[in-house]
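What follows is one structure encoded as structure tokens, with my remarks underneath.
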Amino acid sequence: MPVSDLLYAPREAIEAERERCFAEMMDLAAARHPRTRARMAASGLARADFASLADLARLPPTLKSEYMADPDAFRLDAEGLPQEMRTVWDVMYTTGTSAGRPTPFVSTTYDFFRILETNRNMLRLRGVRPEDVIANLFPLTAVPHGAFIRALHAAASMNLRVVAALPGNPSPYFTLGTDIDGVVRIVARSEATILWGVPSFVRRVVARAAEMGADFSAVRLAFVTGEGVTEAAREELTAALRRLGRPDAWVSVSYGSTEMQGGMVECAPGSGLHNPAPGQFYMEVVDPKTYAPVGDGNPGLLLLTHLRRRGTVLLRYALGDVSVLSRERCPHCGSWTDRLVAMPRRSDALLKIKGTLVNPDVLAQAAEAVLGAREFQFVVEEAGFTLKVAGEPDNDLTRTAVEAVKRASGVTPALLFVTPGDFISSWKLKRVVDLRG
Ligand SMILES: [Zn+2]
């Protein structure tokens with residue numbers, strides 16, 4: 001069975017194909033992957049100790065900091081393998097830390113073919129049709145990321161039409177950026193049916209389209225990724241889409257990562273995030289301290305293992321988020337692929353603000369409950385703690401928002417009204433930015 005068709009295959013077929021890919025991957029990793037070789041040597045392990053995926057837990061996990069410190073150690077030595085497996089097709093970069101260098105994620109030709117399969121399956125899961133037209137609302141960035149580029153490839157993988165709106169301006173050396181009104185006009189004139197971008201920007205485009213009276217009547221879907229989306233935010237965006245676009249328009253959330261060059265996606269609102277390529281990606285959920293498996297249905301730290309890569313290869317890689325895994329059949333689309341049935345949240349992100357430990361998710365939720373579709377961002381600096389909100393100053397809103405944040409977190413922010421351009425942002429809007437140290 002072709003790996004690309006695993007999505008709707010029976011559970012046993014998925015497991016069998018995974019074992020086959022894992023055996024191949026471990027043969028290569030044990031001989032050609034510097035990091036795995038070092039880890040196996042240090043633990044006294046040999047290739048024979050990994051007879052099946054059930055043995056994968058013998059391998060210590062890899063933390064993001066370890067990958068960032070020495071990305072070359074995670075590249076397969078492809079000398080002597082077929083040309084497709086040793087030729088570098090492209091290099092994407094993880095966003096990295098605010099101060100650090102971006103970390104390269106290398107894909108060979110072979111990997112790029114797998115990425116197209118992943119992209120195609122993401123679209124299939126989301127119910128994309130041959131007549132759909134995608135509006136790529138991701139901005140260009142100073143270093144290549146998966147978002148802008150893979151949206152174009154996704155369209156190619158299903159032979160669809162796509163228009164890239166090129167919002168924003170990532171660099172003084174770039175001259176083709178489109179402002180928000182221009183983006184609205186591009187969506188309208190291309191009769192796009194799908195808006196694909198980060199939720200904060202998709203929301204802005206839809207809001208501006210309403211103000212301009214633009215014709216968004218063809219829009220039936222929004223694909224959002226890169227930022228957390230609460231159910232309240234989803235409802236608001238869905239309602240806005242339905243006012244302007246098709247009456248049955250909906251929002252499909254994705255949990256994307258550079259390390260997947262794609263994302264786990266919803267087939268329906270609240271369906272859980274489906275692994276689009278179960279033959280390529282193996283997810284584990286483990287205890288954040290001991291890394292012992294916690295079992296399906298229980299919350300834990302997400303580990304990603306590549307089963308079919310030849311460039312950068314990560315085994316038991318801690319994505320840094322907590323979620324819940326299910327291998328039950330999806331009641332909406334019937335797929336047996338694994339799903340994350342809780343929205344992933346950062347596991348390591350507690351911040352000390354004015355002496356209080358604060359969960360950034362709690363801050364974001366408290367602000368969003370008050371601010372609705374208004375864009376906002378918390379900024380933590382040595383000098384203070386500020387909640388920046390887009391739009392005209394509003395005294396009532398100020399009082400309510402500051403109160404809500406104080407109640408939820410125990411710390412009181414200063415509130416500042418700004419224009420959306422004043423947010424600290426790469427290709428996605430981080431809700432909480434820590435500029436200290
Ligand atoms: Zn489904």
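Convention: chains lettered A, B, ... in structure tokens order; per-chain residue numbering from 1; ligands numbered from 1 as shown.
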
Selection: 9 Å around region 401-408 of chain A, only C-alpha atoms, excl. self and same-chain fewer than 2 positions, as a ChimeraX atom specification: /A:362-371,387,396-399,410-415

Members of region 184-400 of chain A assigned strand (DSSP E or B) by DSSP, as JSON, numbers by chain: {"A": [194, 195, 196, 197, 221, 222, 223, 224, 250, 251, 252, 253, 254, 255, 256, 257, 262, 263, 264, 265, 273, 274, 281, 282, 283, 284, 285, 286, 293, 299, 300, 301, 302, 303, 304, 305, 306, 312, 317, 318, 319, 320, 321, 322, 323, 324, 325, 326, 339, 340, 345, 346, 351, 352, 353, 356, 357, 358, 376, 377, 378, 379, 380, 381, 384, 385, 386, 387, 388, 389, 390]}

Write out, as a tab-separated table, each residue of chain A that has an atom at most 12 Å from ligand 1, together with the closest pair of atoms and their distance in Å to one decimal, counting only C-alpha atoms and all ligand atoms, rows going by chain and rising number.
residue	atom	partner	partner_atom_place_in_ligand_line	distance
A:Leu7	CA	ligand 1	1 (Zn)	9.9
A:Tyr8	CA	ligand 1	1 (Zn)	9.8
A:Asn121	CA	ligand 1	1 (Zn)	11.7
A:Met122	CA	ligand 1	1 (Zn)	10.9
A:Arg124	CA	ligand 1	1 (Zn)	10.2
A:Leu125	CA	ligand 1	1 (Zn)	6.7
A:Arg126	CA	ligand 1	1 (Zn)	8.5
A:Gly127	CA	ligand 1	1 (Zn)	10.0
A:Ser252	CA	ligand 1	1 (Zn)	11.3
A:Met264	CA	ligand 1	1 (Zn)	10.9
A:Val265	CA	ligand 1	1 (Zn)	8.8
A:Glu266	CA	ligand 1	1 (Zn)	6.6
A:Cys267	CA	ligand 1	1 (Zn)	4.6
A:Ala268	CA	ligand 1	1 (Zn)	6.7
A:Pro269	CA	ligand 1	1 (Zn)	9.6
A:Gly270	CA	ligand 1	1 (Zn)	9.5
A:Ser271	CA	ligand 1	1 (Zn)	5.9
A:Gly272	CA	ligand 1	1 (Zn)	7.3
A:Leu273	CA	ligand 1	1 (Zn)	8.1
A:His274	CA	ligand 1	1 (Zn)	6.7
A:Asn275	CA	ligand 1	1 (Zn)	9.9
A:Pro276	CA	ligand 1	1 (Zn)	10.3
A:Ser326	CA	ligand 1	1 (Zn)	11.7
A:Arg327	CA	ligand 1	1 (Zn)	11.5
A:Glu328	CA	ligand 1	1 (Zn)	10.3
A:Arg329	CA	ligand 1	1 (Zn)	7.9
A:Cys330	CA	ligand 1	1 (Zn)	4.6
A:Pro331	CA	ligand 1	1 (Zn)	6.4
A:His332	CA	ligand 1	1 (Zn)	4.7
A:Cys333	CA	ligand 1	1 (Zn)	3.9
A:Gly334	CA	ligand 1	1 (Zn)	5.9
A:Ser335	CA	ligand 1	1 (Zn)	5.7
A:Trp336	CA	ligand 1	1 (Zn)	8.4
A:Thr337	CA	ligand 1	1 (Zn)	8.5
A:Asp338	CA	ligand 1	1 (Zn)	9.7
A:Arg339	CA	ligand 1	1 (Zn)	8.4
A:Leu340	CA	ligand 1	1 (Zn)	11.0
A:Val341	CA	ligand 1	1 (Zn)	10.9

Please dump the current selection as a tab-separated table (two decimals), in the first residue's frame; keep N, CA and C atoms.
chain	number	residue	atom	x	y	z
A	7	LEU	N	-3.78	7.15	5.33
A	7	LEU	CA	-4.69	8.00	6.09
A	7	LEU	C	-6.04	7.32	6.34
A	8	TYR	N	-6.54	6.61	5.35
A	8	TYR	CA	-7.85	5.99	5.51
A	8	TYR	C	-7.75	4.47	5.54
A	121	ASN	N	-2.10	15.28	2.28
A	121	ASN	CA	-3.00	14.66	3.26
A	121	ASN	C	-3.63	15.69	4.19
A	122	MET	N	-2.87	16.75	4.53
A	122	MET	CA	-3.46	17.81	5.33
A	122	MET	C	-4.68	18.40	4.62
A	124	ARG	N	-6.49	16.91	2.26
A	124	ARG	CA	-7.55	15.89	2.17
A	124	ARG	C	-8.34	15.85	3.48
A	125	LEU	N	-7.62	15.85	4.59
A	125	LEU	CA	-8.29	15.81	5.89
A	125	LEU	C	-9.23	17.00	6.06
A	126	ARG	N	-8.82	18.14	5.51
A	126	ARG	CA	-9.60	19.35	5.69
A	126	ARG	C	-10.71	19.50	4.66
A	127	GLY	N	-10.89	18.48	3.83
A	127	GLY	CA	-12.00	18.47	2.88
A	127	GLY	C	-11.84	19.41	1.72
A	252	SER	N	-10.42	25.50	10.42
A	252	SER	CA	-9.65	24.29	10.72
A	252	SER	C	-8.33	24.69	11.35
A	264	MET	N	-0.47	18.89	12.19
A	264	MET	CA	-1.57	17.98	12.51
A	264	MET	C	-2.84	18.82	12.43
A	265	VAL	N	-3.85	18.35	11.71
A	265	VAL	CA	-4.98	19.23	11.37
A	265	VAL	C	-6.32	18.65	11.78
A	266	GLU	N	-7.29	19.55	11.91
A	266	GLU	CA	-8.66	19.16	12.18
A	266	GLU	C	-9.38	18.84	10.87
A	267	CYS	N	-10.23	17.79	10.90
A	267	CYS	CA	-11.09	17.49	9.75
A	267	CYS	C	-12.45	18.15	9.94
A	268	ALA	N	-12.74	18.58	11.16
A	268	ALA	CA	-13.98	19.29	11.51
A	268	ALA	C	-13.65	20.05	12.80
A	269	PRO	N	-14.43	21.11	13.10
A	269	PRO	CA	-14.12	21.84	14.33
A	269	PRO	C	-14.18	20.92	15.55
A	270	GLY	N	-13.11	20.90	16.33
A	270	GLY	CA	-13.10	20.10	17.55
A	270	GLY	C	-12.88	18.61	17.33
A	271	SER	N	-12.47	18.20	16.12
A	271	SER	CA	-12.30	16.77	15.82
A	271	SER	C	-11.01	16.21	16.40
A	272	GLY	N	-10.13	17.06	16.91
A	272	GLY	CA	-8.78	16.63	17.25
A	272	GLY	C	-7.87	16.86	16.06
A	273	LEU	N	-6.57	16.91	16.36
A	273	LEU	CA	-5.57	17.23	15.34
A	273	LEU	C	-4.99	15.94	14.80
A	274	HIS	N	-5.26	15.66	13.51
A	274	HIS	CA	-4.88	14.38	12.92
A	274	HIS	C	-3.43	14.38	12.45
A	275	ASN	N	-2.72	13.30	12.72
A	275	ASN	CA	-1.40	13.08	12.13
A	275	ASN	C	-1.62	12.83	10.63
A	276	PRO	N	-1.13	13.74	9.77
A	276	PRO	CA	-1.47	13.61	8.35
A	276	PRO	C	-0.66	12.53	7.63
A	326	SER	N	-4.87	10.13	20.98
A	326	SER	CA	-5.90	9.12	20.82
A	326	SER	C	-5.62	8.32	19.55
A	327	ARG	N	-5.78	7.01	19.64
A	327	ARG	CA	-5.67	6.16	18.45
A	327	ARG	C	-7.03	5.56	18.08
A	328	GLU	N	-8.08	6.16	18.63
A	328	GLU	CA	-9.44	5.76	18.29
A	328	GLU	C	-9.76	6.28	16.89
A	329	ARG	N	-10.70	5.64	16.24
A	329	ARG	CA	-11.12	6.10	14.94
A	329	ARG	C	-11.82	7.46	15.05
A	330	CYS	N	-11.49	8.38	14.13
A	330	CYS	CA	-12.13	9.70	14.17
A	330	CYS	C	-13.61	9.56	13.82
A	331	PRO	N	-14.48	10.04	14.68
A	331	PRO	CA	-15.92	9.90	14.41
A	331	PRO	C	-16.39	10.80	13.26
A	332	HIS	N	-15.57	11.77	12.88
A	332	HIS	CA	-16.00	12.70	11.81
A	332	HIS	C	-15.60	12.20	10.43
A	333	CYS	N	-14.34	11.82	10.25
A	333	CYS	CA	-13.87	11.47	8.90
A	333	CYS	C	-13.59	9.97	8.76
A	334	GLY	N	-13.58	9.25	9.88
A	334	GLY	CA	-13.37	7.80	9.81
A	334	GLY	C	-11.91	7.38	9.74
A	335	SER	N	-10.98	8.35	9.80
A	335	SER	CA	-9.56	7.98	9.72
A	335	SER	C	-9.10	7.32	11.02
A	336	TRP	N	-8.18	6.35	10.85
A	336	TRP	CA	-7.60	5.66	11.99
A	336	TRP	C	-6.26	6.26	12.39
A	337	THR	N	-5.87	7.35	11.75
A	337	THR	CA	-4.59	7.94	12.11
A	337	THR	C	-4.67	8.49	13.54
A	338	ASP	N	-3.50	8.66	14.19
A	338	ASP	CA	-3.53	9.18	15.57
A	338	ASP	C	-3.91	10.66	15.57
A	339	ARG	N	-4.53	11.05	16.67
A	339	ARG	CA	-4.99	12.44	16.81
A	339	ARG	C	-4.60	13.00	18.18
A	340	LEU	N	-4.32	14.29	18.22
A	340	LEU	CA	-4.19	14.98	19.51
A	340	LEU	C	-5.57	15.51	19.85
A	341	VAL	N	-6.11	15.08	20.98
A	341	VAL	CA	-7.49	15.44	21.30
A	341	VAL	C	-7.59	16.54	22.35

Within 8 Å of Val143 (chain A) using only C-alpha atoms, minus same-chain residues under 5 positions, as a ChimeraX atom specification: /A:92-93,102

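Atom pair CA of Ala188 (chain A) / CA of Val133 (chain A) has a distance of 11.3 Å (rounded to one decimal).
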
Spatial neighbours of Tyr255 (chain A), max dist 9 Å, only C-alpha atoms, sep filter under 6 positions, as a PDB file with N, CA, C and O atoms, in the first residue's frame:
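And here's part-v4.pdb as it stands now:
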ATOM      1  N   VAL A 224      -5.856  27.859  10.046  1.00  0.00           N
ATOM      2  CA  VAL A 224      -5.046  28.701  10.927  1.00  0.00           C
ATOM      3  C   VAL A 224      -4.012  27.864  11.659  1.00  0.00           C
ATOM      4  O   VAL A 224      -4.264  26.728  12.055  1.00  0.00           O
ATOM      5  N   THR A 225      -2.829  28.452  11.816  1.00  0.00           N
ATOM      6  CA  THR A 225      -1.726  27.744  12.459  1.00  0.00           C
ATOM      7  C   THR A 225      -0.740  28.736  13.050  1.00  0.00           C
ATOM      8  O   THR A 225      -0.767  29.910  12.697  1.00  0.00           O
ATOM      9  N   GLY A 226       0.098  28.269  13.955  1.00  0.00           N
ATOM     10  CA  GLY A 226       1.194  29.105  14.444  1.00  0.00           C
ATOM     11  C   GLY A 226       0.919  29.792  15.761  1.00  0.00           C
ATOM     12  O   GLY A 226       1.841  30.214  16.438  1.00  0.00           O
ATOM     13  N   GLU A 227      -0.333  29.948  16.121  1.00  0.00           N
ATOM     14  CA  GLU A 227      -0.684  30.574  17.394  1.00  0.00           C
ATOM     15  C   GLU A 227      -1.814  29.772  18.015  1.00  0.00           C
ATOM     16  O   GLU A 227      -2.597  29.158  17.292  1.00  0.00           O
ATOM     17  N   GLY A 228      -1.914  29.806  19.318  1.00  0.00           N
ATOM     18  CA  GLY A 228      -3.010  29.120  19.989  1.00  0.00           C
ATOM     19  C   GLY A 228      -4.348  29.752  19.599  1.00  0.00           C
ATOM     20  O   GLY A 228      -4.429  30.944  19.361  1.00  0.00           O
ATOM     21  N   GLY A 262       4.883  20.698   8.226  1.00  0.00           N
ATOM     22  CA  GLY A 262       3.449  20.610   8.016  1.00  0.00           C
ATOM     23  C   GLY A 262       2.827  20.638   9.384  1.00  0.00           C
ATOM     24  O   GLY A 262       3.442  21.111  10.336  1.00  0.00           O
ATOM     25  N   GLY A 263       1.631  20.109   9.489  1.00  0.00           N
ATOM     26  CA  GLY A 263       1.006  20.132  10.794  1.00  0.00           C
ATOM     27  C   GLY A 263      -0.069  19.082  10.938  1.00  0.00           C
ATOM     28  O   GLY A 263      -0.493  18.453   9.974  1.00  0.00           O
ATOM     29  N   MET A 264      -0.467  18.891  12.191  1.00  0.00           N
ATOM     30  CA  MET A 264      -1.568  17.980  12.506  1.00  0.00           C
ATOM     31  C   MET A 264      -2.841  18.822  12.435  1.00  0.00           C
ATOM     32  O   MET A 264      -2.898  19.900  13.024  1.00  0.00           O
ATOM     33  N   VAL A 265      -3.848  18.353  11.713  1.00  0.00           N
ATOM     34  CA  VAL A 265      -4.978  19.228  11.368  1.00  0.00           C
ATOM     35  C   VAL A 265      -6.324  18.652  11.781  1.00  0.00           C
ATOM     36  O   VAL A 265      -6.492  17.441  11.932  1.00  0.00           O
ATOM     37  N   LEU A 273      -6.572  16.906  16.361  1.00  0.00           N
ATOM     38  CA  LEU A 273      -5.574  17.234  15.343  1.00  0.00           C
ATOM     39  C   LEU A 273      -4.991  15.940  14.804  1.00  0.00           C
ATOM     40  O   LEU A 273      -4.316  15.206  15.524  1.00  0.00           O
ATOM     41  N   MET A 343      -5.952  20.670  22.695  1.00  0.00           N
ATOM     42  CA  MET A 343      -5.101  21.669  22.045  1.00  0.00           C
ATOM     43  C   MET A 343      -3.748  21.710  22.764  1.00  0.00           C
ATOM     44  O   MET A 343      -3.699  21.879  23.978  1.00  0.00           O
ATOM     45  N   PRO A 344      -2.648  21.520  22.029  1.00  0.00           N
ATOM     46  CA  PRO A 344      -1.334  21.524  22.675  1.00  0.00           C
ATOM     47  C   PRO A 344      -1.051  22.861  23.357  1.00  0.00           C
ATOM     48  O   PRO A 344      -1.424  23.910  22.855  1.00  0.00           O
TER      49      PRO A 344
END

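With CA of Phe223 (chain A) on one side and CA of Phe112 (chain A) on the other, the separation reads 21.8 Å.
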
DSSP helix (DSSP H, G or I) selection over region 208-426 of chain A, as a PyMOL selection string: chain A and resi 208-212+231-244+360-371+395-409+420-422

Contacts of region 44-53 of chain A at 9 Å (only C-alpha atoms; same-chain gap of 3+ positions) as a PyMOL selection string: chain A and resi 18-20+22-23+26-27+29-31+37+39-41+56-59

Keeping only all heavy atoms, take the residues you just selected and write them out as a compact mmCIF listing (two decimals), in the first residue's frame.
# COMPACT_ATOMS: atom_id res chain seq x y z
N ARG A 18 4.20 1.42 9.73
CA ARG A 18 5.08 2.14 10.65
C ARG A 18 6.25 1.28 11.09
O ARG A 18 7.39 1.76 11.19
CB ARG A 18 4.29 2.56 11.90
CG ARG A 18 3.53 3.80 11.71
CD ARG A 18 2.89 4.20 13.02
NE ARG A 18 2.54 5.61 12.97
CZ ARG A 18 1.76 6.20 13.85
NH1 ARG A 18 1.25 5.51 14.85
NH2 ARG A 18 1.50 7.48 13.75
N GLU A 19 5.99 0.03 11.38
CA GLU A 19 7.07 -0.86 11.81
C GLU A 19 8.10 -1.02 10.68
O GLU A 19 9.30 -1.01 10.92
CB GLU A 19 6.51 -2.23 12.21
CG GLU A 19 5.72 -2.22 13.52
CD GLU A 19 6.58 -1.93 14.77
OE1 GLU A 19 7.83 -1.89 14.69
OE2 GLU A 19 5.97 -1.71 15.85
N ARG A 20 7.59 -1.14 9.46
CA ARG A 20 8.49 -1.30 8.32
C ARG A 20 9.38 -0.05 8.17
O ARG A 20 10.60 -0.14 8.02
CB ARG A 20 7.67 -1.50 7.03
CG ARG A 20 8.46 -2.02 5.85
CD ARG A 20 7.62 -1.99 4.58
NE ARG A 20 7.30 -0.63 4.13
CZ ARG A 20 8.17 0.19 3.54
NH1 ARG A 20 9.41 -0.20 3.32
NH2 ARG A 20 7.79 1.39 3.17
N PHE A 22 10.04 2.18 10.48
CA PHE A 22 10.89 2.32 11.66
C PHE A 22 12.15 1.45 11.53
O PHE A 22 13.27 1.90 11.84
CB PHE A 22 10.11 1.94 12.92
CG PHE A 22 10.93 1.98 14.18
CD1 PHE A 22 11.44 3.18 14.65
CD2 PHE A 22 11.18 0.82 14.90
CE1 PHE A 22 12.21 3.22 15.82
CE2 PHE A 22 11.95 0.85 16.06
CZ PHE A 22 12.46 2.05 16.52
N ALA A 23 11.97 0.23 11.06
CA ALA A 23 13.12 -0.67 10.90
C ALA A 23 14.14 -0.05 9.93
O ALA A 23 15.35 -0.03 10.19
CB ALA A 23 12.65 -2.03 10.39
N MET A 26 15.81 2.98 11.61
CA MET A 26 16.80 2.61 12.64
C MET A 26 18.06 2.02 12.02
O MET A 26 19.16 2.22 12.53
CB MET A 26 16.18 1.63 13.65
CG MET A 26 15.25 2.28 14.67
SD MET A 26 15.93 3.73 15.56
CE MET A 26 17.21 2.94 16.56
N ASP A 27 17.91 1.27 10.91
CA ASP A 27 19.10 0.78 10.20
C ASP A 27 19.99 1.96 9.81
O ASP A 27 21.21 1.93 10.01
CB ASP A 27 18.69 0.03 8.92
CG ASP A 27 18.13 -1.35 9.21
OD1 ASP A 27 18.31 -1.85 10.35
OD2 ASP A 27 17.50 -1.94 8.30
N ALA A 29 19.82 5.14 11.04
CA ALA A 29 20.23 5.97 12.19
C ALA A 29 21.39 5.32 12.95
O ALA A 29 22.32 6.00 13.37
CB ALA A 29 19.04 6.19 13.12
N ALA A 30 21.33 4.01 13.11
CA ALA A 30 22.37 3.31 13.88
C ALA A 30 23.73 3.38 13.17
O ALA A 30 24.78 3.33 13.80
CB ALA A 30 21.97 1.85 14.10
N ALA A 31 23.68 3.51 11.83
CA ALA A 31 24.93 3.54 11.07
C ALA A 31 25.36 4.95 10.68
O ALA A 31 26.54 5.22 10.52
CB ALA A 31 24.76 2.68 9.81
N ARG A 37 23.95 7.54 17.16
CA ARG A 37 25.13 6.69 17.41
C ARG A 37 25.75 7.02 18.77
O ARG A 37 26.06 6.12 19.55
CB ARG A 37 26.16 6.88 16.30
CG ARG A 37 25.73 6.25 14.97
CD ARG A 37 26.67 6.65 13.84
NE ARG A 37 28.06 6.24 14.11
CZ ARG A 37 28.54 5.03 13.87
NH1 ARG A 37 27.77 4.09 13.35
NH2 ARG A 37 29.81 4.73 14.14
N ARG A 39 24.25 8.48 21.34
CA ARG A 39 23.32 8.11 22.40
C ARG A 39 23.32 6.60 22.65
O ARG A 39 23.29 6.14 23.79
CB ARG A 39 21.90 8.57 22.04
CG ARG A 39 21.63 10.01 22.42
CD ARG A 39 21.85 10.17 23.90
NE ARG A 39 21.82 11.55 24.35
CZ ARG A 39 20.77 12.13 24.90
NH1 ARG A 39 19.65 11.49 25.01
NH2 ARG A 39 20.85 13.37 25.34
N MET A 40 23.36 5.83 21.56
CA MET A 40 23.36 4.38 21.71
C MET A 40 24.66 3.91 22.38
O MET A 40 24.64 3.06 23.27
CB MET A 40 23.16 3.70 20.34
CG MET A 40 21.70 3.79 19.86
SD MET A 40 21.40 3.30 18.14
CE MET A 40 21.74 1.56 18.21
N ALA A 41 25.77 4.51 21.97
CA ALA A 41 27.06 4.13 22.57
C ALA A 41 27.06 4.44 24.06
O ALA A 41 27.48 3.62 24.89
CB ALA A 41 28.19 4.86 21.86
N LEU A 56 11.32 1.82 21.17
CA LEU A 56 11.81 3.19 20.94
C LEU A 56 12.08 3.92 22.25
O LEU A 56 13.02 4.72 22.35
CB LEU A 56 10.79 3.97 20.09
CG LEU A 56 11.16 5.40 19.70
CD1 LEU A 56 12.42 5.44 18.85
CD2 LEU A 56 10.00 6.07 18.95
N ALA A 57 11.27 3.61 23.28
CA ALA A 57 11.40 4.31 24.56
C ALA A 57 12.75 4.07 25.24
O ALA A 57 13.10 4.75 26.20
CB ALA A 57 10.26 3.90 25.49
N ARG A 58 13.53 3.11 24.72
CA ARG A 58 14.88 2.92 25.28
C ARG A 58 15.82 4.07 24.94
O ARG A 58 16.83 4.27 25.60
CB ARG A 58 15.49 1.63 24.70
CG ARG A 58 14.76 0.39 25.12
CD ARG A 58 15.36 -0.84 24.49
NE ARG A 58 14.77 -2.03 25.08
CZ ARG A 58 15.21 -3.26 24.86
NH1 ARG A 58 16.26 -3.47 24.09
NH2 ARG A 58 14.61 -4.27 25.44
N LEU A 59 15.47 4.77 23.89
CA LEU A 59 16.31 5.88 23.45
C LEU A 59 15.96 7.12 24.26
O LEU A 59 14.80 7.49 24.36
CB LEU A 59 16.05 6.13 21.96
CG LEU A 59 17.15 6.75 21.12
CD1 LEU A 59 18.38 5.85 21.08
CD2 LEU A 59 16.63 7.03 19.72

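Minimum distance to Ala222 (chain A) across A:Asp72, A:Ser157, A:Ala135, A:Glu375 (counting only C-alpha atoms) occurs at A:Ala135.
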
Interatomic distance (Å, one decimal) between CA of Val380 (chain A) and CA of Arg346 (chain A): 17.5 Å

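Using only C-alpha atoms, the smallest distance between any of A:Ile180, A:Ile115, A:Leu237, A:Leu63 and Leu315 (chain A) comes from A:Leu63.
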
Who sits within 8 Å of Leu76 (chain A), only C-alpha atoms, same chain under 4 positions skipped, as an mmCIF file with all heavy atoms, in the first residue's frame:
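Written file, around.cif:
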data_model
loop_
_atom_site.group_PDB
_atom_site.id
_atom_site.type_symbol
_atom_site.label_atom_id
_atom_site.label_comp_id
_atom_site.auth_asym_id
_atom_site.auth_seq_id
_atom_site.Cartn_x
_atom_site.Cartn_y
_atom_site.Cartn_z
ATOM 1 N N LEU A 28 19.357 2.991 9.272
ATOM 2 C CA LEU A 28 20.112 4.166 8.831
ATOM 3 C C LEU A 28 20.656 4.950 10.025
ATOM 4 O O LEU A 28 21.812 5.370 10.034
ATOM 5 C CB LEU A 28 19.217 5.070 7.970
ATOM 6 C CG LEU A 28 18.850 4.515 6.592
ATOM 7 C CD1 LEU A 28 17.718 5.322 5.974
ATOM 8 C CD2 LEU A 28 20.076 4.530 5.668
ATOM 9 N N ALA A 29 19.821 5.144 11.041
ATOM 10 C CA ALA A 29 20.231 5.967 12.187
ATOM 11 C C ALA A 29 21.393 5.320 12.950
ATOM 12 O O ALA A 29 22.325 6.004 13.372
ATOM 13 C CB ALA A 29 19.039 6.195 13.118
ATOM 14 N N ARG A 32 24.382 5.878 10.527
ATOM 15 C CA ARG A 32 24.682 7.133 9.837
ATOM 16 C C ARG A 32 24.233 8.402 10.562
ATOM 17 O O ARG A 32 24.375 9.496 10.020
ATOM 18 C CB ARG A 32 23.983 7.127 8.465
ATOM 19 C CG ARG A 32 24.471 6.058 7.509
ATOM 20 C CD ARG A 32 23.520 5.948 6.321
ATOM 21 N NE ARG A 32 24.023 5.067 5.276
ATOM 22 C CZ ARG A 32 24.805 5.466 4.269
ATOM 23 N NH1 ARG A 32 25.154 6.731 4.167
ATOM 24 N NH2 ARG A 32 25.230 4.604 3.363
ATOM 25 N N HIS A 33 23.637 8.287 11.731
ATOM 26 C CA HIS A 33 23.090 9.460 12.418
ATOM 27 C C HIS A 33 23.943 9.745 13.645
ATOM 28 O O HIS A 33 23.868 9.024 14.640
ATOM 29 C CB HIS A 33 21.635 9.178 12.816
ATOM 30 C CG HIS A 33 20.846 10.379 13.251
ATOM 31 N ND1 HIS A 33 20.452 10.577 14.559
ATOM 32 C CD2 HIS A 33 20.375 11.438 12.552
ATOM 33 C CE1 HIS A 33 19.752 11.717 14.625
ATOM 34 N NE2 HIS A 33 19.689 12.245 13.428
ATOM 35 N N PRO A 34 24.778 10.787 13.596
ATOM 36 C CA PRO A 34 25.753 11.007 14.679
ATOM 37 C C PRO A 34 25.123 11.046 16.071
ATOM 38 O O PRO A 34 25.637 10.447 17.017
ATOM 39 C CB PRO A 34 26.388 12.352 14.316
ATOM 40 C CG PRO A 34 26.192 12.475 12.841
ATOM 41 C CD PRO A 34 24.906 11.773 12.514
ATOM 42 N N ARG A 310 15.670 11.590 5.502
ATOM 43 C CA ARG A 310 17.065 11.351 5.114
ATOM 44 C C ARG A 310 17.955 12.571 5.333
ATOM 45 O O ARG A 310 19.160 12.472 5.233
ATOM 46 C CB ARG A 310 17.130 10.920 3.640
ATOM 47 C CG ARG A 310 16.294 9.671 3.301
ATOM 48 C CD ARG A 310 16.801 8.435 4.029
ATOM 49 N NE ARG A 310 16.058 7.238 3.648
ATOM 50 C CZ ARG A 310 15.063 6.709 4.378
ATOM 51 N NH1 ARG A 310 14.709 7.271 5.526
ATOM 52 N NH2 ARG A 310 14.441 5.627 3.970
ATOM 53 N N GLY A 311 17.370 13.736 5.572
ATOM 54 C CA GLY A 311 18.163 14.934 5.882
ATOM 55 C C GLY A 311 18.279 15.047 7.394
ATOM 56 O O GLY A 311 18.880 14.203 8.048
ATOM 57 N N THR A 312 17.686 16.085 7.988
ATOM 58 C CA THR A 312 17.623 16.184 9.444
ATOM 59 C C THR A 312 16.656 15.125 9.969
ATOM 60 O O THR A 312 15.520 15.039 9.498
ATOM 61 C CB THR A 312 17.137 17.585 9.870
ATOM 62 O OG1 THR A 312 18.059 18.560 9.379
ATOM 63 C CG2 THR A 312 17.037 17.688 11.386
ATOM 64 N N VAL A 313 17.132 14.319 10.916
ATOM 65 C CA VAL A 313 16.306 13.246 11.489
ATOM 66 C C VAL A 313 16.241 13.433 13.002
ATOM 67 O O VAL A 313 17.272 13.570 13.667
ATOM 68 C CB VAL A 313 16.883 11.848 11.167
ATOM 69 C CG1 VAL A 313 16.070 10.756 11.858
ATOM 70 C CG2 VAL A 313 16.921 11.610 9.655
#

From A:Ala165, A:Gly177, A:Ala318, A:Leu304, residue lying nearest Pro278 (chain A) [only C-alpha atoms]: A:Leu304

Among the residues A:Val294, A:Val88, A:Ala73, A:Leu244, the one that comes closest to Ser217 (chain A) [using only C-alpha atoms]: A:Leu244

Residue contacts of Gly391 (chain A) (7 Å, only C-alpha atoms) excluding same-chain residues fewer than 3 positions away, as a ChimeraX atom specification: /A:417-419

Pick from A:Arg220, A:Arg242, A:Arg185, A:Arg35 nearest to Thr62 (chain A), counting only C-alpha atoms: A:Arg35
